[in-house]
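Listing of my_file00.txt, compact mmCIF, C-alpha atoms and all ligand atoms
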# COMPACT_ATOMS: atom_id res chain seq x y z
CA MET A 1 -34.39 -10.65 -6.71
CA THR A 2 -36.79 -10.50 -9.67
CA THR A 3 -40.26 -9.15 -9.06
CA ASP A 4 -43.01 -7.87 -11.29
CA THR A 5 -44.10 -5.24 -8.75
CA THR A 6 -42.10 -2.33 -7.40
CA TYR A 7 -40.55 -2.26 -3.95
CA ALA A 8 -42.99 0.50 -2.98
CA ASP A 9 -45.96 -1.64 -4.15
CA GLN A 10 -44.76 -4.62 -2.15
CA THR A 11 -43.95 -2.81 1.06
CA ALA A 12 -47.22 -0.86 0.91
CA THR A 13 -49.13 -4.12 1.30
CA LEU A 14 -47.05 -5.38 4.24
CA ASP A 15 -48.14 -5.09 7.89
CA GLN A 16 -51.75 -4.53 6.87
CA GLY A 17 -53.32 -6.98 9.29
CA HIS A 18 -51.54 -6.81 12.63
CA THR A 19 -54.57 -8.23 14.37
CA ALA A 20 -55.02 -11.09 11.90
CA GLY A 21 -51.27 -11.89 11.72
CA PRO A 22 -49.06 -11.95 8.62
CA ASP A 23 -50.57 -12.33 5.18
CA PRO A 24 -49.82 -15.99 4.19
CA GLY A 25 -49.43 -15.08 0.51
CA GLN A 26 -46.82 -12.44 1.36
CA VAL A 27 -45.02 -14.86 3.68
CA GLN A 28 -44.82 -17.46 0.92
CA ARG A 29 -43.63 -14.93 -1.65
CA PHE A 30 -40.92 -13.64 0.69
CA ALA A 31 -39.82 -17.18 1.67
CA GLY A 32 -39.43 -17.92 -2.06
CA GLU A 33 -37.26 -14.83 -2.43
CA LEU A 34 -35.08 -15.94 0.48
CA LEU A 35 -34.60 -19.36 -1.08
CA GLY A 36 -33.65 -17.58 -4.30
CA ALA A 37 -31.06 -15.65 -2.29
CA LEU A 38 -29.70 -18.91 -0.88
CA SER A 39 -29.32 -20.29 -4.37
CA ALA A 40 -27.85 -17.05 -5.74
CA GLY A 41 -25.32 -16.94 -2.90
CA SER A 42 -24.40 -20.57 -3.56
CA THR A 43 -24.00 -19.81 -7.26
CA ALA A 44 -21.74 -16.87 -6.40
CA LEU A 45 -19.54 -19.09 -4.21
CA MET A 46 -19.32 -21.78 -6.89
CA THR A 47 -18.55 -19.07 -9.47
CA SER A 48 -15.61 -17.96 -7.33
CA VAL A 49 -14.46 -21.60 -7.22
CA GLY A 50 -14.83 -21.81 -11.01
CA HIS A 51 -12.66 -18.74 -11.39
CA ARG A 52 -9.94 -19.85 -8.97
CA THR A 53 -9.71 -23.39 -10.37
CA GLY A 54 -9.60 -22.11 -13.95
CA LEU A 55 -12.69 -24.16 -14.84
CA PHE A 56 -14.44 -21.36 -16.74
CA ASP A 57 -11.29 -20.65 -18.75
CA ALA A 58 -10.91 -24.35 -19.53
CA MET A 59 -14.56 -24.82 -20.54
CA ALA A 60 -14.60 -21.74 -22.76
CA GLY A 61 -12.38 -23.51 -25.27
CA LEU A 62 -14.15 -26.88 -25.16
CA PRO A 63 -16.92 -28.46 -27.26
CA PRO A 64 -19.63 -30.24 -25.22
CA SER A 65 -17.58 -32.46 -22.89
CA THR A 66 -18.05 -35.03 -20.14
CA SER A 67 -17.06 -34.18 -16.61
CA ALA A 68 -13.96 -36.37 -17.09
CA GLN A 69 -12.96 -34.38 -20.19
CA VAL A 70 -13.53 -31.05 -18.42
CA ALA A 71 -11.51 -32.26 -15.43
CA ALA A 72 -8.67 -33.52 -17.64
CA THR A 73 -8.52 -30.21 -19.54
CA ALA A 74 -8.39 -28.21 -16.31
CA GLY A 75 -6.01 -30.67 -14.61
CA LEU A 76 -8.44 -31.24 -11.71
CA HIS A 77 -10.10 -34.15 -9.90
CA GLU A 78 -13.19 -35.39 -11.76
CA ARG A 79 -15.36 -35.98 -8.68
CA TYR A 80 -15.04 -32.34 -7.59
CA VAL A 81 -15.54 -31.06 -11.12
CA ARG A 82 -18.72 -33.16 -11.54
CA GLU A 83 -20.21 -31.73 -8.34
CA TRP A 84 -19.28 -28.19 -9.39
CA LEU A 85 -20.89 -28.86 -12.80
CA GLY A 86 -24.04 -29.94 -10.93
CA ALA A 87 -24.15 -26.54 -9.20
CA MET A 88 -23.38 -24.67 -12.43
CA THR A 89 -25.97 -26.64 -14.44
CA THR A 90 -28.83 -26.16 -11.98
CA ALA A 91 -27.85 -22.49 -11.70
CA ARG A 92 -28.23 -22.29 -15.54
CA VAL A 93 -24.63 -21.19 -15.99
CA VAL A 94 -23.56 -24.38 -17.79
CA VAL A 95 -25.78 -26.42 -20.15
CA HIS A 96 -25.99 -30.19 -19.62
CA ASP A 97 -27.01 -32.60 -22.40
CA PRO A 98 -28.45 -35.75 -20.77
CA THR A 99 -28.25 -37.76 -23.99
CA ASP A 100 -24.46 -38.00 -23.88
CA ASP A 101 -23.86 -36.58 -20.37
CA THR A 102 -21.88 -33.62 -21.66
CA TYR A 103 -21.59 -30.05 -20.42
CA ARG A 104 -20.89 -26.82 -22.27
CA LEU A 105 -20.34 -23.20 -21.29
CA PRO A 106 -22.31 -21.03 -23.75
CA GLU A 107 -20.17 -18.30 -25.28
CA GLU A 108 -22.57 -15.64 -24.01
CA HIS A 109 -21.83 -16.85 -20.46
CA ALA A 110 -18.09 -17.27 -21.10
CA ALA A 111 -18.07 -13.58 -22.13
CA VAL A 112 -18.53 -12.56 -18.48
CA LEU A 113 -16.83 -15.49 -16.71
CA THR A 114 -13.34 -15.93 -18.10
CA ARG A 115 -10.01 -14.20 -17.64
CA ALA A 116 -10.08 -13.35 -21.35
CA SER A 117 -13.11 -11.14 -20.62
CA GLY A 118 -10.92 -8.54 -18.86
CA PRO A 119 -13.06 -5.97 -17.02
CA ASP A 120 -16.24 -7.82 -18.06
CA ASN A 121 -15.22 -10.86 -16.01
CA LEU A 122 -17.75 -11.05 -13.17
CA ALA A 123 -16.34 -14.33 -11.83
CA ALA A 124 -13.39 -12.48 -10.29
CA VAL A 125 -15.52 -10.23 -8.07
CA MET A 126 -17.30 -13.31 -6.63
CA GLN A 127 -14.07 -14.06 -4.74
CA PHE A 128 -15.05 -11.34 -2.27
CA LEU A 129 -17.86 -13.53 -0.89
CA PRO A 130 -15.65 -16.32 0.51
CA LEU A 131 -13.15 -13.65 1.56
CA MET A 132 -15.82 -11.90 3.63
CA ALA A 133 -17.05 -15.19 5.06
CA GLU A 134 -13.55 -15.85 6.45
CA VAL A 135 -14.06 -13.12 9.05
CA GLU A 136 -17.75 -13.72 9.77
CA GLU A 137 -17.03 -14.96 13.29
CA GLU A 138 -15.06 -11.83 14.18
CA VAL A 139 -17.53 -9.43 12.56
CA VAL A 140 -20.42 -11.06 14.41
CA GLY A 141 -18.43 -10.44 17.57
CA CYS A 142 -18.02 -6.77 16.62
CA PHE A 143 -21.80 -6.35 16.40
CA ALA A 144 -21.89 -7.03 20.14
CA GLU A 145 -18.52 -5.69 21.26
CA GLY A 146 -17.90 -2.84 18.78
CA GLY A 147 -14.48 -2.30 17.22
CA GLY A 148 -13.47 -3.85 13.94
CA VAL A 149 -11.51 -6.50 12.08
CA PRO A 150 -8.09 -5.28 10.89
CA TYR A 151 -6.74 -5.53 7.36
CA ASP A 152 -4.27 -8.31 8.17
CA ARG A 153 -7.13 -10.74 8.98
CA PHE A 154 -8.23 -10.80 5.32
CA GLY A 155 -5.94 -13.44 3.82
CA ARG A 156 -6.28 -12.90 0.05
CA PHE A 157 -7.66 -9.36 0.12
CA HIS A 158 -4.77 -7.57 -1.61
CA GLU A 159 -4.45 -10.28 -4.25
CA VAL A 160 -8.16 -10.24 -5.13
CA MET A 161 -8.37 -6.44 -5.06
CA ALA A 162 -5.32 -6.16 -7.31
CA GLU A 163 -6.74 -8.68 -9.76
CA LEU A 164 -9.99 -6.73 -10.06
CA SER A 165 -8.40 -3.31 -10.38
CA ALA A 166 -5.88 -4.64 -12.90
CA ASP A 167 -8.74 -5.94 -15.08
CA THR A 168 -10.10 -2.39 -15.26
CA ASN A 169 -6.79 -0.55 -15.43
CA ASP A 170 -5.26 -2.78 -18.09
CA ALA A 171 -8.29 -2.10 -20.25
CA ALA A 172 -8.93 1.55 -19.51
CA LEU A 173 -6.34 3.43 -17.44
CA LEU A 174 -4.28 4.97 -20.21
CA GLU A 175 -6.89 5.33 -22.92
CA ARG A 176 -10.04 6.18 -20.98
CA ILE A 177 -9.27 7.11 -17.37
CA VAL A 178 -6.31 9.49 -17.76
CA PRO A 179 -8.10 11.46 -20.52
CA LEU A 180 -11.00 12.14 -18.11
CA VAL A 181 -8.74 15.06 -17.18
CA PRO A 182 -8.25 16.64 -20.61
CA GLU A 183 -4.84 18.23 -19.97
CA LEU A 184 -3.44 15.23 -18.10
CA PRO A 185 -1.92 13.17 -20.95
CA ASP A 186 0.16 16.20 -22.02
CA ARG A 187 1.17 17.12 -18.47
CA LEU A 188 2.19 13.54 -17.71
CA ALA A 189 4.19 13.41 -20.94
CA GLN A 190 5.98 16.67 -20.01
CA GLY A 191 6.76 15.41 -16.51
CA ILE A 192 4.97 15.92 -13.18
CA ARG A 193 5.10 14.38 -9.71
CA VAL A 194 2.32 11.85 -9.09
CA ALA A 195 1.23 10.08 -5.90
CA ASP A 196 -1.20 7.17 -5.61
CA ILE A 197 -2.61 6.86 -2.09
CA GLY A 198 -3.58 3.37 -0.89
CA CYS A 199 -1.87 1.92 -3.96
CA GLY A 200 -2.16 -1.73 -2.87
CA GLN A 201 -0.12 -3.91 -5.23
CA GLY A 202 0.66 -0.82 -7.31
CA HIS A 203 -0.24 -1.99 -10.81
CA ALA A 204 -1.87 1.34 -11.70
CA VAL A 205 1.30 3.22 -10.70
CA ASN A 206 3.46 0.89 -12.77
CA LEU A 207 1.21 1.18 -15.82
CA LEU A 208 1.38 4.98 -15.61
CA ALA A 209 5.13 5.03 -14.95
CA ARG A 210 5.80 2.83 -17.97
CA ALA A 211 3.64 5.01 -20.22
CA TYR A 212 5.03 8.32 -18.93
CA PRO A 213 8.80 7.96 -18.32
CA ASP A 214 9.29 11.74 -17.73
CA SER A 215 6.92 11.82 -14.75
CA ASP A 216 7.83 10.60 -11.25
CA PHE A 217 5.48 8.26 -9.45
CA VAL A 218 5.17 7.22 -5.83
CA GLY A 219 2.69 4.69 -4.43
CA TYR A 220 1.83 4.91 -0.73
CA ASP A 221 0.26 2.10 1.27
CA PHE A 222 0.44 0.81 4.83
CA SER A 223 0.65 -2.83 3.73
CA GLU A 224 4.26 -3.96 3.32
CA ASP A 225 3.07 -7.21 1.67
CA ALA A 226 1.15 -5.30 -1.01
CA LEU A 227 4.09 -2.95 -1.60
CA ALA A 228 6.48 -5.88 -2.08
CA VAL A 229 4.37 -7.04 -5.04
CA ALA A 230 4.30 -3.48 -6.42
CA ARG A 231 8.09 -3.15 -6.19
CA ALA A 232 8.65 -6.54 -7.80
CA GLU A 233 6.54 -5.52 -10.83
CA ALA A 234 8.34 -2.15 -11.11
CA GLN A 235 11.66 -3.98 -11.05
CA GLU A 236 10.52 -6.58 -13.58
CA TRP A 237 9.45 -3.77 -15.92
CA GLY A 238 12.71 -1.88 -15.34
CA LEU A 239 10.96 1.27 -14.12
CA ALA A 240 13.29 3.95 -12.75
CA ASN A 241 10.46 6.45 -12.19
CA ALA A 242 8.20 4.41 -9.86
CA ARG A 243 8.81 3.88 -6.17
CA PHE A 244 6.64 2.53 -3.37
CA GLU A 245 6.74 3.80 0.18
CA LEU A 246 5.29 2.40 3.37
CA ARG A 247 3.21 5.28 4.71
CA ASP A 248 -0.03 5.90 6.55
CA VAL A 249 -1.63 8.43 4.20
CA THR A 250 -3.36 10.16 7.10
CA SER A 251 -0.28 12.34 6.81
CA LEU A 252 1.55 13.27 3.62
CA ALA A 253 3.94 15.54 5.55
CA GLY A 254 7.33 15.85 3.89
CA SER A 255 6.22 14.34 0.62
CA GLY A 256 6.29 17.63 -1.32
CA THR A 257 3.55 18.59 -3.75
CA PHE A 258 2.09 16.73 -6.70
CA GLY A 259 0.61 17.58 -10.08
CA LEU A 260 -1.65 14.55 -9.76
CA VAL A 261 -2.84 12.49 -6.80
CA THR A 262 -4.85 9.35 -7.47
CA ALA A 263 -6.88 7.15 -5.10
CA PHE A 264 -8.28 3.96 -6.59
CA ASP A 265 -10.97 2.68 -4.21
CA ALA A 266 -8.81 3.78 -1.31
CA VAL A 267 -10.77 6.56 0.42
CA HIS A 268 -13.95 4.89 1.68
CA ASP A 269 -12.10 2.40 3.91
CA GLN A 270 -9.77 4.97 5.47
CA ALA A 271 -9.83 5.31 9.24
CA HIS A 272 -9.80 9.12 8.88
CA PRO A 273 -11.01 9.92 5.37
CA ALA A 274 -11.62 13.64 5.99
CA THR A 275 -8.01 14.10 7.14
CA VAL A 276 -6.72 12.15 4.15
CA LEU A 277 -8.70 14.37 1.75
CA GLU A 278 -7.38 17.50 3.48
CA GLN A 279 -3.85 16.14 3.19
CA VAL A 280 -4.32 15.51 -0.53
CA ALA A 281 -5.64 19.05 -1.08
CA GLU A 282 -2.70 20.47 0.88
CA HIS A 283 -0.15 18.52 -1.15
CA LEU A 284 -1.46 19.34 -4.62
CA ASP A 285 0.28 21.87 -6.87
CA PRO A 286 -1.92 24.97 -7.42
CA ASP A 287 -2.99 23.53 -10.79
CA GLY A 288 -2.91 19.94 -9.55
CA VAL A 289 -5.71 17.39 -9.90
CA PHE A 290 -7.04 14.77 -7.52
CA LEU A 291 -8.51 11.75 -9.34
CA MET A 292 -10.55 9.82 -6.80
CA VAL A 293 -12.08 6.56 -7.96
CA ASP A 294 -14.65 5.28 -5.51
CA MET A 295 -17.78 3.16 -5.28
CA HIS A 296 -20.80 4.46 -7.17
CA ALA A 297 -23.79 4.75 -4.87
CA SER A 298 -26.04 7.32 -3.29
CA SER A 299 -25.46 8.36 0.32
CA ASP A 300 -29.22 7.83 0.77
CA VAL A 301 -30.15 4.15 1.17
CA ASP A 302 -33.57 4.76 -0.42
CA LYS A 303 -31.90 5.98 -3.60
CA ASN A 304 -29.91 2.74 -3.86
CA MET A 305 -33.01 0.56 -4.22
CA ASP A 306 -32.54 0.28 -7.98
CA LEU A 307 -28.77 -0.32 -7.82
CA PRO A 308 -28.73 -4.07 -8.51
CA TRP A 309 -25.51 -4.70 -6.56
CA ALA A 310 -26.38 -2.44 -3.60
CA PRO A 311 -26.75 -5.35 -1.13
CA TYR A 312 -23.23 -6.40 -2.14
CA LEU A 313 -21.90 -2.90 -1.37
CA TYR A 314 -23.42 -2.84 2.10
CA ALA A 315 -22.24 -6.43 2.71
CA VAL A 316 -18.65 -5.78 1.63
CA SER A 317 -18.76 -2.67 3.79
CA THR A 318 -19.94 -4.53 6.90
CA MET A 319 -17.50 -7.39 6.39
CA HIS A 320 -14.47 -5.42 5.15
CA CYS A 321 -14.38 -1.69 4.33
CA MET A 322 -16.26 -0.35 7.35
CA THR A 323 -14.83 -2.85 9.80
CA VAL A 324 -11.18 -2.25 8.81
CA SER A 325 -11.74 1.46 9.41
CA LEU A 326 -13.40 0.81 12.79
CA SER A 327 -10.54 -1.51 13.77
CA LEU A 328 -8.32 1.59 13.76
CA ASP A 329 -10.78 3.63 15.85
CA GLY A 330 -11.78 5.20 12.55
CA ASP A 331 -14.96 6.77 11.22
CA GLY A 332 -16.30 3.61 9.54
CA LEU A 333 -17.42 5.65 6.54
CA GLY A 334 -18.62 2.57 4.64
CA THR A 335 -18.46 1.43 1.03
CA ALA A 336 -21.77 3.08 0.12
CA TRP A 337 -20.80 6.50 1.47
CA GLY A 338 -22.14 7.78 -1.83
CA THR A 339 -21.78 10.65 -4.23
CA GLU A 340 -23.56 13.26 -2.12
CA LEU A 341 -21.31 12.75 0.92
CA ALA A 342 -18.21 12.37 -1.25
CA ARG A 343 -18.91 15.75 -2.87
CA GLN A 344 -19.50 17.33 0.53
CA MET A 345 -16.30 15.90 2.01
CA LEU A 346 -14.26 16.96 -1.02
CA ALA A 347 -15.67 20.48 -0.68
CA ASP A 348 -14.92 20.51 3.07
CA ALA A 349 -11.34 19.42 2.33
CA GLY A 350 -10.86 22.44 0.05
CA PHE A 351 -11.77 21.15 -3.40
CA GLY A 352 -13.80 23.92 -5.02
CA ASP A 353 -14.24 22.23 -8.39
CA VAL A 354 -15.45 18.62 -8.53
CA ARG A 355 -16.73 16.74 -11.58
CA VAL A 356 -18.10 13.18 -11.40
CA GLU A 357 -17.87 10.76 -14.33
CA ARG A 358 -18.79 7.11 -14.95
CA LEU A 359 -16.97 4.66 -17.23
CA GLU A 360 -18.46 1.81 -19.24
CA GLU A 361 -15.51 -0.44 -18.32
CA ASP A 362 -16.08 0.07 -14.59
CA PHE A 363 -19.71 -0.38 -13.55
CA ILE A 364 -18.98 -0.25 -9.83
CA ASN A 365 -17.09 3.06 -9.53
CA SER A 366 -17.57 6.79 -9.95
CA TYR A 367 -14.63 8.94 -11.08
CA TYR A 368 -14.22 12.22 -9.19
CA ILE A 369 -12.01 14.84 -10.84
CA ALA A 370 -11.29 17.34 -8.10
CA ARG A 371 -9.36 20.63 -8.11
CA ARG A 372 -8.85 23.13 -5.36
C1 LIG B 401 -9.53 -1.23 -1.41
S1 LIG B 401 -7.77 -1.25 -1.42
C2 LIG B 401 -7.36 -0.54 -2.99
C3 LIG B 401 -5.96 -0.89 -3.44
C4 LIG B 401 -5.56 -0.36 -4.82
N1 LIG B 401 -5.68 1.08 -4.90
C5 LIG B 401 -6.35 -1.03 -5.91
O1 LIG B 401 -7.21 -0.36 -6.52
O2 LIG B 401 -6.11 -2.22 -6.17
C6 LIG B 401 -7.38 0.06 -0.29
C7 LIG B 401 -5.90 0.16 0.00
O3 LIG B 401 -5.67 1.26 0.87
C8 LIG B 401 -4.71 0.89 1.81
N2 LIG B 401 -4.91 1.77 2.98
C9 LIG B 401 -6.01 1.90 3.73
N3 LIG B 401 -5.83 2.83 4.68
C10 LIG B 401 -4.58 3.32 4.52
C11 LIG B 401 -3.80 4.31 5.17
N4 LIG B 401 -4.29 5.02 6.19
N5 LIG B 401 -2.55 4.55 4.72
C12 LIG B 401 -2.04 3.85 3.68
N6 LIG B 401 -2.73 2.90 3.02
C13 LIG B 401 -3.98 2.65 3.42
C14 LIG B 401 -4.93 -0.59 2.06
O4 LIG B 401 -3.79 -1.24 2.58
C15 LIG B 401 -5.30 -1.07 0.66
O5 LIG B 401 -4.17 -1.48 -0.06
Using structure tokens, write down the structure that the file contains.
Amino acid sequence: MTTDTTYADQTATLDQGHTAGPDPGQVQRFAGELLGALSAGSTALMTSVGHRTGLFDAMAGLPPSTSAQVAATAGLHERYVREWLGAMTTARVVVHDPTDDTYRLPEEHAAVLTRASGPDNLAAVMQFLPLMAEVEEEVVGCFAEGGGVPYDRFGRFHEVMAELSADTNDAALLERIVPLVPELPDRLAQGIRVADIGCGQGHAVNLLARAYPDSDFVGYDFSEDALAVARAEAQEWGLANARFELRDVTSLAGSGTFGLVTAFDAVHDQAHPATVLEQVAEHLDPDGVFLMVDMHASSDVDKNMDLPWAPYLYAVSTMHCMTVSLSLDGDGLGTAWGTELARQMLADAGFGDVRVERLEEDFINSYYIARR
């Protein structure tokens, strides 16, 4: 939503004339903003479609082309492609030339829309909108009945999540994320035990295991489907030092201790996050490190007003992260639990030393480096 006044300015002038009814100018301005939201949401959905069909990747390599040429390059049906191009043109994503009825994807737009863009590809994250919409009916029911929607109701969740985290980890895990803990590259090279909790499809574990053959890695998750993908990649890469275990990480009993525990976006949707953090602290070596990657936000909604993607965080929380936790009778911490609460919960779990970092390659997360 683009405005030339601040939120405080706008809200200060609302509800000024209860007796006279709403200010017509304010009503019109707000209605315009809502229509902008309708268009932005539609653009997001069509951007997800463009990503999944490979249309952005196909257009990035093309000169100005007709809809038939774009469709032929992408191997898709022209009628659908032309309608999609209509959405993308009016959304100012694609440029249409009426003189020869051709379309082009400017390279500045391709830079944040194609698979070649790696972690800069914003088309991939748009897939979460249709994914959330799949469970709208059930979530609406939860507003009245309570409870939550369990993980297994989200068809493509693990696939989409793994795609997004792989974009970041392929670009940054070894060269930028591991060195956030200065001694870690050396310790991993010498050989330590490492656990990744809520590992999903396990790509981060496999990347680390391939880079550090003298360390031992285990990925824990309670999704057998996600673990099957993780194991297949480890096998394909011939990794003898990476294994994946079906486990509810609410308990790490019997797992031994670790020199490093990682959690990539896997704490905020836990049913019992405080217990999980306590378990991690308990199962760290005395000099061990917990690297917790989780959503960047403030715990205070008013401090998130200038976070451009804050409505997305609260939406993905309502429609996925919070509801999956509540489906297990959990705390429903929420995606935007925020830095203040994260620090407090880490301290309560026994982490006396916590540092928080941000990474250029990963706009959405904060990186917590926690020691006991
Ligand atoms: C948001 S996903 C992140 C997956 C992965 N770390 C990544 O970055 O792609 C959270 C993961 O935590 C797993 N998970 C949630 N609660 C769990 C629990 N109590 N025990 C084990 N896994 C859990 C989910 O199955 C899911 O794979």
Mind dumping a table of every chain A residue within 6 Å of ligand LIG 401 (chain B), with the nearest atom pair and its distance in Å to one decimal, using only C-alpha atoms and all ligand atoms, sorted by chain and rising number, as JSON lines?
{"residue": "A:Met161", "atom": "CA", "partner": "B:LIG401", "partner_atom": "O2", "distance": 4.9}
{"residue": "A:Ala162", "atom": "CA", "partner": "B:LIG401", "partner_atom": "O2", "distance": 4.2}
{"residue": "A:Ser165", "atom": "CA", "partner": "B:LIG401", "partner_atom": "O2", "distance": 4.9}
{"residue": "A:Gly198", "atom": "CA", "partner": "B:LIG401", "partner_atom": "O3", "distance": 3.5}
{"residue": "A:Cys199", "atom": "CA", "partner": "B:LIG401", "partner_atom": "N1", "distance": 4.0}
{"residue": "A:Gly200", "atom": "CA", "partner": "B:LIG401", "partner_atom": "O5", "distance": 3.5}
{"residue": "A:Tyr220", "atom": "CA", "partner": "B:LIG401", "partner_atom": "C12", "distance": 6.0}
{"residue": "A:Asp221", "atom": "CA", "partner": "B:LIG401", "partner_atom": "N6", "distance": 3.6}
{"residue": "A:Phe222", "atom": "CA", "partner": "B:LIG401", "partner_atom": "C12", "distance": 4.1}
{"residue": "A:Ser223", "atom": "CA", "partner": "B:LIG401", "partner_atom": "O4", "distance": 4.9}
{"residue": "A:Arg247", "atom": "CA", "partner": "B:LIG401", "partner_atom": "C12", "distance": 5.5}
{"residue": "A:Asp248", "atom": "CA", "partner": "B:LIG401", "partner_atom": "N5", "distance": 3.4}
{"residue": "A:Val249", "atom": "CA", "partner": "B:LIG401", "partner_atom": "N5", "distance": 4.0}
{"residue": "A:Thr250", "atom": "CA", "partner": "B:LIG401", "partner_atom": "N4", "distance": 5.3}
{"residue": "A:Phe264", "atom": "CA", "partner": "B:LIG401", "partner_atom": "N1", "distance": 4.2}
{"residue": "A:Asp265", "atom": "CA", "partner": "B:LIG401", "partner_atom": "C2", "distance": 5.0}
{"residue": "A:Ala266", "atom": "CA", "partner": "B:LIG401", "partner_atom": "C6", "distance": 4.1}
{"residue": "A:Gln270", "atom": "CA", "partner": "B:LIG401", "partner_atom": "N3", "distance": 4.6}
field: Atom pair CA of Ala195 (chain A) / CA of Gln127 (chain A): separation (Å)
entry: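 CA of Ala195 (chain A) sits 28.6 Å away from CA of Gln127 (chain A).
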Between region 88-197 of chain A and region 352-360 of chain A, at 9 Å or less, what are the per-residue closest atom pairs and their distances in Å? Count only C-alpha atoms, order by chain and rising residue number, and return it as a tab-separated table.
residue	atom	partner	partner_atom	distance
A:Ala172	CA	A:Leu359	CA	8.9
A:Arg176	CA	A:Leu359	CA	8.0
A:Ile177	CA	A:Leu359	CA	8.1
A:Leu180	CA	A:Glu357	CA	8.0
task: Go ahead and compute the interatomic distance for CA of Thr323 (chain A) and CA of Val149 (chain A), in Å to one decimal.
output: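 So the answer is 5.4 Å.
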For CA of Glu183 (chain A) and CA of Met295 (chain A), the interatomic separation in Å (one decimal):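 These atoms are spaced 24.7 Å apart.
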Select, counting all atoms listed in the file, all protein, DNA and RNA residues no farther than 10 Å from (-25.1, -1.8, -1.7) in file coordinates, and express the selection as a PDB file with C-alpha atoms, keeping the file's coordinate frame.
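And here is the file that came out, out.pdb:
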ATOM      1  CA  MET A 295     -17.780   3.160  -5.280  1.00  0.00           C
ATOM      2  CA  HIS A 296     -20.800   4.460  -7.170  1.00  0.00           C
ATOM      3  CA  ALA A 297     -23.790   4.750  -4.870  1.00  0.00           C
ATOM      4  CA  SER A 298     -26.040   7.320  -3.290  1.00  0.00           C
ATOM      5  CA  VAL A 301     -30.150   4.150   1.170  1.00  0.00           C
ATOM      6  CA  ASN A 304     -29.910   2.740  -3.860  1.00  0.00           C
ATOM      7  CA  MET A 305     -33.010   0.560  -4.220  1.00  0.00           C
ATOM      8  CA  ASP A 306     -32.540   0.280  -7.980  1.00  0.00           C
ATOM      9  CA  LEU A 307     -28.770  -0.320  -7.820  1.00  0.00           C
ATOM     10  CA  PRO A 308     -28.730  -4.070  -8.510  1.00  0.00           C
ATOM     11  CA  TRP A 309     -25.510  -4.700  -6.560  1.00  0.00           C
ATOM     12  CA  ALA A 310     -26.380  -2.440  -3.600  1.00  0.00           C
ATOM     13  CA  PRO A 311     -26.750  -5.350  -1.130  1.00  0.00           C
ATOM     14  CA  TYR A 312     -23.230  -6.400  -2.140  1.00  0.00           C
ATOM     15  CA  LEU A 313     -21.900  -2.900  -1.370  1.00  0.00           C
ATOM     16  CA  TYR A 314     -23.420  -2.840   2.100  1.00  0.00           C
ATOM     17  CA  ALA A 315     -22.240  -6.430   2.710  1.00  0.00           C
ATOM     18  CA  VAL A 316     -18.650  -5.780   1.630  1.00  0.00           C
ATOM     19  CA  SER A 317     -18.760  -2.670   3.790  1.00  0.00           C
ATOM     20  CA  THR A 335     -18.460   1.430   1.030  1.00  0.00           C
ATOM     21  CA  ALA A 336     -21.770   3.080   0.120  1.00  0.00           C
ATOM     22  CA  TRP A 337     -20.800   6.500   1.470  1.00  0.00           C
TER      23      TRP A 337
END
Identify the residues around (-8.2, -7.5, -19.8) within a radius of 9 Å, measuring from all atoms listed in the file in the coordinates stated by the file, and give them as a PDB file with C-alpha atoms, in the coordinates of the input.
ATOM      1  CA  ARG A 115     -10.010 -14.200 -17.640  1.00  0.00           C
ATOM      2  CA  ALA A 116     -10.080 -13.350 -21.350  1.00  0.00           C
ATOM      3  CA  SER A 117     -13.110 -11.140 -20.620  1.00  0.00           C
ATOM      4  CA  GLY A 118     -10.920  -8.540 -18.860  1.00  0.00           C
ATOM      5  CA  PRO A 119     -13.060  -5.970 -17.020  1.00  0.00           C
ATOM      6  CA  ASP A 120     -16.240  -7.820 -18.060  1.00  0.00           C
ATOM      7  CA  ASN A 121     -15.220 -10.860 -16.010  1.00  0.00           C
ATOM      8  CA  ALA A 166      -5.880  -4.640 -12.900  1.00  0.00           C
ATOM      9  CA  ASP A 167      -8.740  -5.940 -15.080  1.00  0.00           C
ATOM     10  CA  THR A 168     -10.100  -2.390 -15.260  1.00  0.00           C
ATOM     11  CA  ASN A 169      -6.790  -0.550 -15.430  1.00  0.00           C
ATOM     12  CA  ASP A 170      -5.260  -2.780 -18.090  1.00  0.00           C
ATOM     13  CA  ALA A 171      -8.290  -2.100 -20.250  1.00  0.00           C
TER      14      ALA A 171
END
task: Using all atoms listed in the file, find the one residue out of A:Ala253, A:His268, A:Arg372, A:Glu137 that sits nearest to Asp348 (chain A).
output: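 The answer is A:Arg372, which sits nearest to Asp348 (chain A).
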query: Nearest to Val178 (chain A): which of A:Ser327, A:Thr114, A:Gln69, A:Thr262 is it, counting all atoms listed in the file?
result: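 Closest to Val178 (chain A), using all atoms listed in the file: A:Thr262.
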field: Arg82 (chain A) environment, 10 Å, all atoms listed in the file, sequence neighbours closer than 5 positions dropped, as a ChimeraX atom specification
entry: /A:66-68,70-71,77,87-88,103
message: Considering only C-alpha atoms, can you say which of A:Asp287, A:Asp186, A:Asp9, A:Glu107 comes closest to Pro63 (chain A)?
response: A:Glu107
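When all atoms listed in the file are used to compute distances to Leu326 (chain A), the closest of the residues A:Ala133, A:Ala271, A:Ala8, A:Ala240 turns out to be A:Ala271.
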- request: Would you mind telling me which residue in A:Arg92, A:His320, A:Arg371, A:Arg243 lies nearest to Arg153 (chain A) when using only C-alpha atoms?
  value: A:His320
- request: Within 12 Å of Arg210 (chain A), counting only C-alpha atoms, which residues show up once you throw out same-chain ones fewer than 3 positions away? Write them as an MDAnalysis selection string, please.
  value: chainID A and resid 174 188:189 203:207 213:217 233:242
